[in-house]
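Chemist: Got a structure for you, questions after.
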Amino acid sequence: MKVILLQDVKAIGKKDQVLEVSDGYARNYLIPRKLATEATPAELKRVDEMRRAAQDRLEREEHQARQVARQLKEGGIVLKVKCGEGGRLYGTVTGADVAKALKETMDIEVDKKKIEIPDHIKTVGEYEAEVRLMSGIATKLRLTIQPME
């Protein structure tokens, strides 16, 4: 019997996957527990439409991520921080600081966990950070650290 999984089933398959299973397993286990439904033509069409919609959404998100990556690569941000003598900072610049500055200056929201700063920034100067926007889409961001006046 062909069934469509309604949720992930361990050792069987993932949600929305179409599988061929024995009639007894489908009727006595999968369908009563609402883990699967019978693969009727209408259900197959629904699953296909959902897959197409998900693919379209993924392509749109990827396109937007590539535009943001281009924008980040072309521009840079300036962070004004408190510092003491010799340009030493009173703390360190973190991913959260960079994410906040991106939101304020470029109106781009990036999760602070996706901003990777290679070295601890403890002095005034120019640095480079890597911003991972999506799986497979990352870009370099130029950071300019200046003392607060």
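Just so we're on the same page: first chain in the structure tokens is A, next is B, and so on; residues restart at 1 for each chain, and ligands are numbered from 1 in the order they show up.
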DSSP on the backbone: what in chain A comes out helix (DSSP H, G or I), as an MDAnalysis selection string?
Modeler: chainID A and resid 23:30 41:74 85:87 95:106 112:114
Chemist: How would you write, as a PyMOL selection string, the set of residues in chain A that DSSP gives as strand (DSSP E or B)?
Modeler: chain A and resi 2-5+9+13+18-20+36-38+76-81+83+88-93+115-116+121-123+125-134+137-147
Chemist: Quick one: everything within 8 Å of Ala101 of chain A, counting only C-alpha atoms, minus sequence neighbours fewer than 5 positions away in the same chain. Send it as a ChimeraX atom specification.
Modeler: /A:77-79,106
Chemist: Between A:Leu19, A:Asp56, A:Leu5, A:Ala11, single out the one closest to Leu35 of chain A, counting only C-alpha atoms.
Modeler: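 Counting only C-alpha atoms, the residue closest to Leu35 of chain A is A:Leu5.
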Chemist: To one decimal place, how far is atom CA of Glu128 of chain A from atom CA of Glu149 of chain A in Å?
Modeler: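 Atom CA of Glu128 of chain A sits 23.2 Å away from atom CA of Glu149 of chain A.
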Chemist: So that I can check the surroundings of Tyr127 of chain A, please list as a ChimeraX atom specification every protein, DNA and RNA residue that reaches within 12 Å of it, counting only C-alpha atoms and ignoring chain neighbours fewer than 6 positions away.
Modeler: /A:76-79,93,98,116-121,140-146
Chemist: Residues of the last selection are to be written out with C-alpha atoms, as a PDB file, in the first residue's frame.
Modeler:
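Okay, result_20.pdb is ready:
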ATOM      1  CA  GLY A  76      31.230  48.126   5.563  1.00  0.00           C
ATOM      2  CA  ILE A  77      30.204  49.332   8.960  1.00  0.00           C
ATOM      3  CA  VAL A  78      31.779  51.701  11.437  1.00  0.00           C
ATOM      4  CA  LEU A  79      31.521  50.887  15.129  1.00  0.00           C
ATOM      5  CA  VAL A  93      33.638  43.723  19.844  1.00  0.00           C
ATOM      6  CA  VAL A  98      28.075  43.874  14.775  1.00  0.00           C
ATOM      7  CA  GLU A 116      32.153  35.122  12.889  1.00  0.00           C
ATOM      8  CA  ILE A 117      34.919  37.450  14.032  1.00  0.00           C
ATOM      9  CA  PRO A 118      38.271  35.656  13.555  1.00  0.00           C
ATOM     10  CA  ASP A 119      40.265  37.449  16.264  1.00  0.00           C
ATOM     11  CA  HIS A 120      39.174  39.189  19.421  1.00  0.00           C
ATOM     12  CA  ILE A 121      38.905  42.849  18.534  1.00  0.00           C
ATOM     13  CA  LYS A 140      33.130  39.085   4.270  1.00  0.00           C
ATOM     14  CA  LEU A 141      32.185  42.288   6.069  1.00  0.00           C
ATOM     15  CA  ARG A 142      34.631  45.137   6.621  1.00  0.00           C
ATOM     16  CA  LEU A 143      34.542  46.488  10.179  1.00  0.00           C
ATOM     17  CA  THR A 144      36.048  49.836  11.102  1.00  0.00           C
ATOM     18  CA  ILE A 145      36.455  50.307  14.849  1.00  0.00           C
ATOM     19  CA  GLN A 146      36.740  53.953  15.910  1.00  0.00           C
TER      20      GLN A 146
END
Chemist: As a PyMOL selection string, please: the residues near Glu20 of chain A (cut-off 12 Å, only C-alpha atoms, same-chain neighbours under 2 positions excluded).
Modeler: chain A and resi 1-5+12-13+17-18+22-26+36-39
Chemist: Just want the 10 Å neighbourhood of Val131 of chain A, counted on only C-alpha atoms, with same-chain residues fewer than 4 positions away dropped. Output as a ChimeraX atom specification.
Modeler: /A:69,72-73,95,98-99,110-117,137-141
Chemist: Let me see the file: selected residues, N, CA and C atoms, as a short mmCIF file (atom, residue, chain, number, x, y, z; two decimals), in the first residue's frame.
Modeler:
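That gives us out-v7.cif:
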data_model
loop_
_atom_site.label_atom_id
_atom_site.label_comp_id
_atom_site.auth_asym_id
_atom_site.auth_seq_id
_atom_site.Cartn_x
_atom_site.Cartn_y
_atom_site.Cartn_z
N ALA A 69 24.23 39.57 0.71
CA ALA A 69 25.67 39.27 0.71
C ALA A 69 26.41 40.27 -0.17
N LEU A 72 26.55 43.58 1.69
CA LEU A 72 27.51 43.56 2.79
C LEU A 72 28.94 43.61 2.28
N LYS A 73 29.19 42.91 1.18
CA LYS A 73 30.55 42.86 0.63
C LYS A 73 30.98 44.23 0.11
N GLY A 95 29.84 39.56 18.10
CA GLY A 95 28.87 39.39 17.01
C GLY A 95 27.59 40.16 17.27
N VAL A 98 28.09 43.76 16.23
CA VAL A 98 28.08 43.87 14.78
C VAL A 98 26.64 43.74 14.24
N ALA A 99 25.88 42.78 14.79
CA ALA A 99 24.49 42.58 14.36
C ALA A 99 23.66 43.83 14.64
N VAL A 110 20.69 40.15 10.95
CA VAL A 110 21.51 38.94 10.91
C VAL A 110 21.62 38.43 12.33
N ASP A 111 21.46 37.13 12.50
CA ASP A 111 21.60 36.53 13.81
C ASP A 111 23.04 36.67 14.28
N LYS A 112 23.23 37.07 15.52
CA LYS A 112 24.58 37.29 16.05
C LYS A 112 25.43 36.02 16.01
N LYS A 113 24.79 34.86 16.03
CA LYS A 113 25.53 33.60 15.99
C LYS A 113 26.09 33.32 14.60
N LYS A 114 25.58 34.02 13.60
CA LYS A 114 26.04 33.80 12.23
C LYS A 114 27.13 34.78 11.81
N ILE A 115 27.59 35.58 12.76
CA ILE A 115 28.67 36.53 12.50
C ILE A 115 29.91 35.98 13.18
N GLU A 116 30.93 35.72 12.37
CA GLU A 116 32.15 35.12 12.89
C GLU A 116 33.28 36.14 12.79
N ILE A 117 33.80 36.52 13.97
CA ILE A 117 34.92 37.45 14.03
C ILE A 117 36.16 36.61 14.33
N ILE A 137 25.94 30.32 1.62
CA ILE A 137 26.04 31.73 1.28
C ILE A 137 26.66 32.47 2.45
N ALA A 138 27.90 32.90 2.26
CA ALA A 138 28.62 33.65 3.28
C ALA A 138 29.38 34.77 2.59
N THR A 139 29.69 35.82 3.32
CA THR A 139 30.42 36.94 2.76
C THR A 139 31.29 37.58 3.83
N LYS A 140 32.26 38.34 3.37
CA LYS A 140 33.13 39.08 4.27
C LYS A 140 32.53 40.47 4.49
N LEU A 141 32.69 40.97 5.70
CA LEU A 141 32.19 42.29 6.07
C LEU A 141 33.34 43.09 6.65
#
Chemist: Please determine, counting only C-alpha atoms, which residue among A:Asp16, A:Asp107, A:Pro32, A:Ser135 has the shortest atom-to-atom distance to Val68 of chain A.
Modeler: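 Smallest separation from Val68 of chain A among the options: A:Asp107.
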Chemist: Name all residues at most 9 Å from Val124 of chain A (count only C-alpha atoms; drop same-chain ones fewer than 6 positions away) and give them as a PDB file with N, CA and C atoms, in the first residue's frame.
Modeler:
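Everything below was put into around-v6.pdb:
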ATOM      1  N   VAL A  81      33.241  52.825  19.660  1.00  0.00           N
ATOM      2  CA  VAL A  81      33.313  52.136  20.945  1.00  0.00           C
ATOM      3  C   VAL A  81      34.126  52.955  21.947  1.00  0.00           C
ATOM      4  N   CYS A  83      37.046  53.567  24.435  1.00  0.00           N
ATOM      5  CA  CYS A  83      38.397  53.023  24.520  1.00  0.00           C
ATOM      6  C   CYS A  83      39.264  53.934  25.378  1.00  0.00           C
ATOM      7  N   GLY A  86      45.915  54.736  23.844  1.00  0.00           N
ATOM      8  CA  GLY A  86      46.529  53.851  22.866  1.00  0.00           C
ATOM      9  C   GLY A  86      45.523  53.093  22.012  1.00  0.00           C
ATOM     10  N   GLY A  87      44.256  53.438  22.082  1.00  0.00           N
ATOM     11  CA  GLY A  87      43.247  52.793  21.259  1.00  0.00           C
ATOM     12  C   GLY A  87      42.796  51.430  21.743  1.00  0.00           C
ATOM     13  N   ARG A  88      43.099  51.091  23.006  1.00  0.00           N
ATOM     14  CA  ARG A  88      42.647  49.800  23.547  1.00  0.00           C
ATOM     15  C   ARG A  88      41.204  49.931  24.008  1.00  0.00           C
ATOM     16  N   LEU A  89      40.386  48.964  23.610  1.00  0.00           N
ATOM     17  CA  LEU A  89      38.968  48.984  23.960  1.00  0.00           C
ATOM     18  C   LEU A  89      38.765  48.543  25.406  1.00  0.00           C
ATOM     19  N   THR A 144      35.146  48.767  10.715  1.00  0.00           N
ATOM     20  CA  THR A 144      36.048  49.836  11.102  1.00  0.00           C
ATOM     21  C   THR A 144      35.700  50.209  12.544  1.00  0.00           C
ATOM     22  N   ILE A 145      36.667  50.014  13.431  1.00  0.00           N
ATOM     23  CA  ILE A 145      36.455  50.307  14.849  1.00  0.00           C
ATOM     24  C   ILE A 145      37.086  51.656  15.127  1.00  0.00           C
ATOM     25  N   GLN A 146      36.266  52.604  15.611  1.00  0.00           N
ATOM     26  CA  GLN A 146      36.740  53.953  15.910  1.00  0.00           C
ATOM     27  C   GLN A 146      36.419  54.300  17.352  1.00  0.00           C
ATOM     28  N   PRO A 147      37.255  55.157  17.970  1.00  0.00           N
ATOM     29  CA  PRO A 147      36.979  55.560  19.358  1.00  0.00           C
ATOM     30  C   PRO A 147      35.779  56.492  19.418  1.00  0.00           C
TER      31      PRO A 147
END
